[in-house]
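Down below is the structure, laid out as structure tokens.
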Amino acid sequence: MKGMVNQVAHDNSGASRTCIEGDALALCQPALSTPDYEQVLRNMFKSVPLGVYQTDRYGHPTATELLCFTAPHEPVTHRTGYLNPQDRKVLVASFQAAMEAGQQWHQQFQYRFADGAGSHIQTVVAPLVGNDSALSGYQVCTIDITSQHHSHLELALSDDRQRAALEAAELGIWDFNVTGNYCYFSPFCYQMLGYSGGQAQVRLQDWSNIIHPQYLDNARRVLENCISGTIEKFEVEFRLKTNEGKWRWFRCTGKAAERDASGRANRLAGTLLDINQAKLMEHLLQMEHGLLNLITSTSPVGIMFIESDGNITFVNPKAERILGLTKQQMAHREPAVIDTIFSVEEDTATGAELSLGKILEQGRCLLQSCFVFTRPDGASAVLSISTAPFLDPASTVSGTVVTLEDVTEQKTREQVLADNDRLLRETQRIAQLGSYVLDIAQDHWACSSKLEEILGIGAGYPKTMQGHFDIVHEEFRDQFIDSYRAAIGTNRPFEHEYKIRRHNDGVERWVTECCELTWDAACKQARMIGTIKDITERKAAEEAIRNLNDELDRRVIERTSQLVAAKKEIESFSYSVSHDLRAPLRHINSYSSILVEEYGETLPEDARYYLERICTASNRMGKQIDDLLALTRVGRAIMKRSTFNISQLAADVVDMLSDESDNPPEFVVQPGISAYGDSALVRLVLQNLLGNSVKYSSRAPDPRIEFGQTLVSGRHAFFVRDNGVGFDMAYVEKLFQPFQRLHGSEFEGTGIGLATVRRIIERHGGSIWAEGKENEGATFYFTLSHPRKSEVTAC
């Protein structure tokens, strides 16, 4: 396309105008005699592009009609330009069609200047008809609409951007004309509700009908508040029914777009967003959060979240109970809680205690590691701790999750089980006792290491029932197998002593086996649980004991014959003492008495004194013989045990002693005391003890003698107490020896009485002892045996 600058035509006003060279619309064919529409347009474009003017029928401007829009005093400019070839063809065709139809032609097109600038021109051309109804010319109006075009482009771009943004955000637009009670909803609003193109539009009142009844009143109230001016904008969430009849969650936002003078809104505008998926996610998150809270609050283990700086931001109730501290107490505790929880393992480098805080600083992960913590109440707890790093959305470690369990009781039980296991092994080792469990269905038995040692078997030995039988010695095997199988078949305990032949060295050993048949909880599988004890040494000891018993039996027989002979000798001696010794003593005593009585006046004083001494000595010797006979009779007497009132017995003895004494002491007898034994022998005990008390307290100013019962070293004992001369405790052992006396001739006696008392008490299975102090009295204690249950029942 060629463009040439025409000469600028000057009208009467001298204004300048830019014309378009005719070649800008040049066609190949020559000009026609009739108006050539292409030539007409060419001539018009020679005229001013901005202005109103008329042309003749060939497009030549009429100078007198030329009106240009060049501003006054603006210098005249000469500008050339051209049209886009594609636009030119379209313009010519549309102009020709309009003119031939006798219609106005109006068109917008882009005009490009030679200097690169461009304008958008809007042209309106109307045909002019003369009196003869023939075309006489054209009325032309050209307007520069470049700025309007640019505004339209920018508006279209803005609309496109807004549409794209809304589509990306999946937002629906609504615009409510309050005054006209009409609401516009964008297509996406209907699309979100499941309406497709061609379906009936949902009216405003229909939107109220599809709001869930639960949220309808609130939505109406919010809308009215915004219209009235109570609120400027709002945001509500509610559920809407879709075209499929399902309920979906939506978020509606809006604000007043226009208000009248009173402040009431004339127009509201806003958005509608489908938040159903977000609500579902929110619901799931709430469920997960609730579930997490439930899990952490009911978790059997303690859970803590510790930030990288050591700050504890989460503690569940179990962790608070385990540590004995609340979260608030942990936050203000100095030093920090994690610095007071120490591992049972020491730092390999320094040998110092390693705290949980130090381990977390090192970034180590723990799995059921053992720690020790001292609670505020002073109680020590053993904790099992596991840790795991917590990653934030950026995959950065923001803290550590710590789980802890109080395993104090478990560790105590483990220690007890370990101690019991060790004790069991040691007990089996010391007792030479092994144990086994035989699974009858599987025909396999497991045993302790001690049993393997007893039987002389190793890990490769077949631990089956037959393997058990093979260990039994040939002499006992058949009987053992029959008894063992019978115990299994009849479900009864099995106990048997037999010999074995050790598998590894063939040594014969004696063992005893005890076992029972047991069942599992379902009573389906049977097991034999038993023990085997090495009794070889016991068997050897039993053999030695049998030999010793035989020897003892022989010796007992010999000793028995000797005792029989000795008893006969004692009886013969007693007879001799009671007959052969008494007769000479009676003769000595009688003849001495005759001499004193018949010849006393004639005898010298010394002779009479010696005769009296002979009488006294013979009487004392007779008394000693009587006491010795009584002592021997005590040892031979047959005891008749029974329960009797020893207080009454003591009272009888006291009455007898009071009658025999010219100045009886004060007697105190504790009433209601019972004893078990031979009452006749016990009377002899009381006669000796109370008689001695009377004798040795006779020189006291106010003699007092007591009999009663007291508690000595947790055992009931009878006592006789006096305030007499007493004795030196250094010689207490001589009290109960025959013929041993702690006092001289100032007190009569033979020294046999306490020996007799001791013999009686020992025959009763009791004991006797004394306590005293010189010139402060003495106390004699004695005990008797208790009756056996059979004897008590018989009584």
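In the structure tokens, chains take letters A, B, ... by order of appearance, with residues numbered from 1 within each chain and ligands from 1 in the order shown.
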
Contact residues around Ser186 in chain A with only C-alpha atoms at 7 Å, ignoring same-chain residues under 2 positions, as a ChimeraX atom specification: /A:172-174,184,188-189

Those selected residues, please, written with all heavy atoms and delivered as a compact mmCIF listing (two decimals), in the first residue's frame.
```txt
# COMPACT_ATOMS: atom_id res chain seq x y z
N GLY A 172 -18.81 -17.28 43.46
CA GLY A 172 -19.99 -16.78 42.77
C GLY A 172 -20.27 -15.35 43.19
O GLY A 172 -19.94 -14.93 44.31
N ILE A 173 -20.84 -14.56 42.29
CA ILE A 173 -21.13 -13.14 42.55
C ILE A 173 -22.64 -12.95 42.62
O ILE A 173 -23.39 -13.53 41.84
CB ILE A 173 -20.54 -12.26 41.43
CG1 ILE A 173 -19.03 -12.49 41.30
CG2 ILE A 173 -20.83 -10.79 41.72
CD1 ILE A 173 -18.25 -12.14 42.51
N TRP A 174 -23.03 -12.17 43.60
CA TRP A 174 -24.44 -11.81 43.68
C TRP A 174 -24.55 -10.31 43.91
O TRP A 174 -23.70 -9.68 44.50
CB TRP A 174 -25.18 -12.59 44.77
CG TRP A 174 -24.61 -12.39 46.16
CD1 TRP A 174 -23.66 -13.12 46.76
CD2 TRP A 174 -25.02 -11.38 47.10
NE1 TRP A 174 -23.40 -12.67 48.02
CE2 TRP A 174 -24.24 -11.60 48.27
CE3 TRP A 174 -25.95 -10.34 47.08
CZ2 TRP A 174 -24.36 -10.79 49.39
CZ3 TRP A 174 -26.06 -9.55 48.22
CH2 TRP A 174 -25.28 -9.77 49.36
N TYR A 184 -29.22 -10.40 41.36
CA TYR A 184 -28.47 -11.05 40.28
C TYR A 184 -27.50 -12.05 40.88
O TYR A 184 -26.79 -11.77 41.86
CB TYR A 184 -27.70 -10.00 39.47
CG TYR A 184 -26.62 -10.61 38.59
CD1 TYR A 184 -26.94 -11.23 37.38
CD2 TYR A 184 -25.29 -10.58 39.01
CE1 TYR A 184 -25.95 -11.79 36.60
CE2 TYR A 184 -24.30 -11.15 38.23
CZ TYR A 184 -24.63 -11.76 37.02
OH TYR A 184 -23.65 -12.33 36.27
N PHE A 188 -21.82 -18.94 38.00
CA PHE A 188 -21.10 -19.93 38.83
C PHE A 188 -21.88 -20.26 40.10
O PHE A 188 -21.72 -21.35 40.67
CB PHE A 188 -19.71 -19.39 39.19
CG PHE A 188 -18.80 -20.42 39.79
CD1 PHE A 188 -18.30 -21.45 39.01
CD2 PHE A 188 -18.48 -20.39 41.14
CE1 PHE A 188 -17.48 -22.41 39.56
CE2 PHE A 188 -17.66 -21.34 41.70
CZ PHE A 188 -17.15 -22.36 40.90
N CYS A 189 -22.73 -19.30 40.54
CA CYS A 189 -23.57 -19.59 41.70
C CYS A 189 -24.48 -20.78 41.39
O CYS A 189 -24.63 -21.70 42.21
CB CYS A 189 -24.41 -18.37 42.07
SG CYS A 189 -23.46 -16.97 42.69
```

9 Å contact set for Phe667 in chain A, only C-alpha atoms, chain neighbours under 6 positions out, as a list of chain:residue names: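 Skipping anything fewer than 6 positions along the chain leaves A:Ala651, A:Val654, A:Pro703, A:Arg704, A:Ile705, A:Glu706, A:Phe707.
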
Put those residues in a file: all heavy atoms, as a PDB file, in the first residue's frame.
```pdb
ATOM      1  N   ALA A 651      -1.937 -73.383 149.641  1.00  0.00           N
ATOM      2  CA  ALA A 651      -2.613 -72.959 150.874  1.00  0.00           C
ATOM      3  C   ALA A 651      -2.619 -74.080 151.918  1.00  0.00           C
ATOM      4  O   ALA A 651      -2.431 -73.828 153.129  1.00  0.00           O
ATOM      5  CB  ALA A 651      -4.031 -72.513 150.542  1.00  0.00           C
ATOM      6  N   VAL A 654       0.791 -74.214 153.446  1.00  0.00           N
ATOM      7  CA  VAL A 654       0.960 -73.075 154.351  1.00  0.00           C
ATOM      8  C   VAL A 654       0.277 -73.346 155.696  1.00  0.00           C
ATOM      9  O   VAL A 654       0.825 -73.040 156.787  1.00  0.00           O
ATOM     10  CB  VAL A 654       0.405 -71.790 153.696  1.00  0.00           C
ATOM     11  CG1 VAL A 654       0.257 -70.677 154.723  1.00  0.00           C
ATOM     12  CG2 VAL A 654       1.318 -71.348 152.568  1.00  0.00           C
ATOM     13  N   PRO A 703       8.873 -61.455 158.909  1.00  0.00           N
ATOM     14  CA  PRO A 703       8.997 -62.431 157.816  1.00  0.00           C
ATOM     15  C   PRO A 703       7.743 -62.438 156.933  1.00  0.00           C
ATOM     16  O   PRO A 703       6.625 -62.344 157.422  1.00  0.00           O
ATOM     17  CB  PRO A 703       9.185 -63.755 158.548  1.00  0.00           C
ATOM     18  CG  PRO A 703       8.600 -63.543 159.903  1.00  0.00           C
ATOM     19  CD  PRO A 703       8.840 -62.108 160.251  1.00  0.00           C
ATOM     20  N   ARG A 704       7.990 -62.536 155.624  1.00  0.00           N
ATOM     21  CA  ARG A 704       6.902 -62.540 154.642  1.00  0.00           C
ATOM     22  C   ARG A 704       7.254 -63.520 153.533  1.00  0.00           C
ATOM     23  O   ARG A 704       8.358 -63.467 152.975  1.00  0.00           O
ATOM     24  CB  ARG A 704       6.687 -61.139 154.072  1.00  0.00           C
ATOM     25  CG  ARG A 704       5.632 -61.067 152.963  1.00  0.00           C
ATOM     26  CD  ARG A 704       5.605 -59.663 152.386  1.00  0.00           C
ATOM     27  NE  ARG A 704       4.748 -59.567 151.208  1.00  0.00           N
ATOM     28  CZ  ARG A 704       3.448 -59.310 151.230  1.00  0.00           C
ATOM     29  NH1 ARG A 704       2.850 -59.118 152.411  1.00  0.00           N
ATOM     30  NH2 ARG A 704       2.747 -59.240 150.122  1.00  0.00           N
ATOM     31  N   ILE A 705       6.299 -64.374 153.201  1.00  0.00           N
ATOM     32  CA  ILE A 705       6.515 -65.401 152.166  1.00  0.00           C
ATOM     33  C   ILE A 705       5.339 -65.310 151.177  1.00  0.00           C
ATOM     34  O   ILE A 705       4.177 -65.267 151.593  1.00  0.00           O
ATOM     35  CB  ILE A 705       6.601 -66.795 152.793  1.00  0.00           C
ATOM     36  CG1 ILE A 705       7.784 -66.864 153.768  1.00  0.00           C
ATOM     37  CG2 ILE A 705       6.753 -67.856 151.695  1.00  0.00           C
ATOM     38  CD1 ILE A 705       7.851 -68.158 154.547  1.00  0.00           C
ATOM     39  N   GLU A 706       5.697 -65.299 149.852  1.00  0.00           N
ATOM     40  CA  GLU A 706       4.688 -65.195 148.818  1.00  0.00           C
ATOM     41  C   GLU A 706       4.772 -66.391 147.879  1.00  0.00           C
ATOM     42  O   GLU A 706       5.854 -66.907 147.594  1.00  0.00           O
ATOM     43  CB  GLU A 706       4.888 -63.926 147.974  1.00  0.00           C
ATOM     44  CG  GLU A 706       4.770 -62.626 148.739  1.00  0.00           C
ATOM     45  CD  GLU A 706       4.999 -61.444 147.809  1.00  0.00           C
ATOM     46  OE1 GLU A 706       4.338 -61.384 146.756  1.00  0.00           O
ATOM     47  OE2 GLU A 706       5.863 -60.599 148.129  1.00  0.00           O
ATOM     48  N   PHE A 707       3.583 -66.805 147.407  1.00  0.00           N
ATOM     49  CA  PHE A 707       3.512 -67.789 146.334  1.00  0.00           C
ATOM     50  C   PHE A 707       2.572 -67.238 145.260  1.00  0.00           C
ATOM     51  O   PHE A 707       1.500 -66.710 145.565  1.00  0.00           O
ATOM     52  CB  PHE A 707       2.975 -69.131 146.825  1.00  0.00           C
ATOM     53  CG  PHE A 707       2.677 -70.075 145.694  1.00  0.00           C
ATOM     54  CD1 PHE A 707       3.697 -70.762 145.045  1.00  0.00           C
ATOM     55  CD2 PHE A 707       1.377 -70.248 145.231  1.00  0.00           C
ATOM     56  CE1 PHE A 707       3.432 -71.618 143.995  1.00  0.00           C
ATOM     57  CE2 PHE A 707       1.096 -71.092 144.172  1.00  0.00           C
ATOM     58  CZ  PHE A 707       2.136 -71.778 143.547  1.00  0.00           C
TER      59      PHE A 707
END
```

For Gly254 in chain A: contacts at 8 Å, only C-alpha atoms, fewer than 4 positions along chain excluded, given as an MDAnalysis selection string: chainID A and resid 233:235 268:271

Strand (DSSP E or B) residues, from DSSP on the backbone, in range 658-786 of chain A, as a ChimeraX atom specification: /A:666-669,674-678,704-712,715-722,768-773,777-782

Residue contacts of range 226-228 of chain A (9 Å, only C-alpha atoms) excluding same-chain residues fewer than 5 positions away, as a PyMOL selection string: chain A and resi 178+221+233-234+254-256+259+263-268

Output file for the selection above: N, CA and C atoms, as an mmCIF file, in the first residue's frame:
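So result03.cif came out as:
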```
data_model
loop_
_atom_site.group_PDB
_atom_site.id
_atom_site.type_symbol
_atom_site.label_atom_id
_atom_site.label_comp_id
_atom_site.auth_asym_id
_atom_site.auth_seq_id
_atom_site.Cartn_x
_atom_site.Cartn_y
_atom_site.Cartn_z
ATOM 1 N N VAL A 178 -32.055 -3.778 46.468
ATOM 2 C CA VAL A 178 -33.016 -3.814 47.571
ATOM 3 C C VAL A 178 -34.305 -3.114 47.171
ATOM 4 N N ARG A 221 -31.784 -12.430 59.389
ATOM 5 C CA ARG A 221 -31.452 -11.392 60.361
ATOM 6 C C ARG A 221 -30.192 -10.630 59.962
ATOM 7 N N LYS A 233 -20.948 -4.815 56.736
ATOM 8 C CA LYS A 233 -20.713 -5.992 55.910
ATOM 9 C C LYS A 233 -20.909 -7.230 56.777
ATOM 10 N N PHE A 234 -21.004 -8.360 56.139
ATOM 11 C CA PHE A 234 -21.286 -9.575 56.889
ATOM 12 C C PHE A 234 -20.619 -10.762 56.208
ATOM 13 N N GLY A 254 -20.969 -10.258 52.097
ATOM 14 C CA GLY A 254 -21.655 -9.155 51.432
ATOM 15 C C GLY A 254 -21.452 -7.850 52.167
ATOM 16 N N LYS A 255 -21.759 -6.762 51.469
ATOM 17 C CA LYS A 255 -21.678 -5.430 52.063
ATOM 18 C C LYS A 255 -22.617 -4.499 51.277
ATOM 19 N N ALA A 256 -22.881 -3.378 51.890
ATOM 20 C CA ALA A 256 -23.744 -2.389 51.230
ATOM 21 C C ALA A 256 -22.967 -1.678 50.135
ATOM 22 N N ARG A 259 -26.199 3.330 49.604
ATOM 23 C CA ARG A 259 -27.128 3.661 50.673
ATOM 24 C C ARG A 259 -27.793 4.998 50.355
ATOM 25 N N GLY A 263 -29.306 6.224 55.270
ATOM 26 C CA GLY A 263 -28.371 5.174 55.616
ATOM 27 C C GLY A 263 -28.838 3.783 55.280
ATOM 28 N N ARG A 264 -30.036 3.669 54.747
ATOM 29 C CA ARG A 264 -30.549 2.351 54.368
ATOM 30 C C ARG A 264 -29.967 1.964 53.024
ATOM 31 N N ALA A 265 -29.570 0.692 52.928
ATOM 32 C CA ALA A 265 -28.909 0.219 51.718
ATOM 33 C C ALA A 265 -29.913 0.066 50.589
ATOM 34 N N ASN A 266 -29.552 0.603 49.411
ATOM 35 C CA ASN A 266 -30.328 0.398 48.199
ATOM 36 C C ASN A 266 -29.847 -0.810 47.415
ATOM 37 N N ARG A 267 -28.596 -1.167 47.686
ATOM 38 C CA ARG A 267 -27.996 -2.243 46.890
ATOM 39 C C ARG A 267 -26.947 -2.951 47.746
ATOM 40 N N LEU A 268 -26.949 -4.276 47.707
ATOM 41 C CA LEU A 268 -25.966 -5.121 48.388
ATOM 42 C C LEU A 268 -25.256 -5.966 47.347
#
```

Pick from A:Cys615, A:Ala379, A:Met528, A:Leu216 nearest to Gln442 in chain A, counting only C-alpha atoms: A:Met528

Two-atom distance - CA of Gln687 in chain A, CA of Ile646 in chain A (Å): 12.4 Å

Nearest candidate to Ser308 in chain A (options A:Asp652, A:Glu453, A:Glu361, A:Asp550; using only C-alpha atoms):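 Among the listed residues, A:Glu361 lies closest to Ser308 in chain A.
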
Contacts of Leu83 in chain A at 8 Å (only C-alpha atoms; same-chain gap of 4+ positions) as a ChimeraX atom specification: /A:24,87-88,110-112

Write the selection just made, keeping N, CA and C atoms, as a PDB file, in the first residue's frame?
```pdb
ATOM      1  N   ALA A  24      -4.349   5.068  -0.809  1.00  0.00           N
ATOM      2  CA  ALA A  24      -4.522   4.205   0.364  1.00  0.00           C
ATOM      3  C   ALA A  24      -5.656   3.237   0.156  1.00  0.00           C
ATOM      4  N   ASP A  87      -8.412  -4.458   6.845  1.00  0.00           N
ATOM      5  CA  ASP A  87      -9.490  -3.562   7.232  1.00  0.00           C
ATOM      6  C   ASP A  87     -10.049  -2.818   6.004  1.00  0.00           C
ATOM      7  N   ARG A  88      -9.161  -2.447   5.048  1.00  0.00           N
ATOM      8  CA  ARG A  88      -9.600  -1.678   3.876  1.00  0.00           C
ATOM      9  C   ARG A  88     -10.617  -2.437   3.053  1.00  0.00           C
ATOM     10  N   GLN A 110      -9.034   1.299  12.614  1.00  0.00           N
ATOM     11  CA  GLN A 110      -7.763   1.813  13.137  1.00  0.00           C
ATOM     12  C   GLN A 110      -7.018   2.473  11.990  1.00  0.00           C
ATOM     13  N   TYR A 111      -6.541   3.658  12.301  1.00  0.00           N
ATOM     14  CA  TYR A 111      -5.797   4.426  11.306  1.00  0.00           C
ATOM     15  C   TYR A 111      -4.383   4.593  11.844  1.00  0.00           C
ATOM     16  N   ARG A 112      -3.409   4.193  11.025  1.00  0.00           N
ATOM     17  CA  ARG A 112      -2.016   4.219  11.438  1.00  0.00           C
ATOM     18  C   ARG A 112      -1.297   5.316  10.699  1.00  0.00           C
TER      19      ARG A 112
END
```

Between CA of Leu383 in chain A and CA of Gly399 in chain A - distance in Å to one decimal: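 Between these atoms lies a distance of 20.6 Å.
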
Å distance separating CA of Leu611 in chain A from CA of Ser661 in chain A, one decimal place: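 Straight-line distance from CA of Leu611 in chain A to CA of Ser661 in chain A works out to 28.7 Å.
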
Near-Val92 in chain A list (12 Å; only C-alpha atoms; drop same-chain fewer than 3 positions) as a ChimeraX atom specification: /A:24-27,36-42,83,85-89,95-99,105-107,109
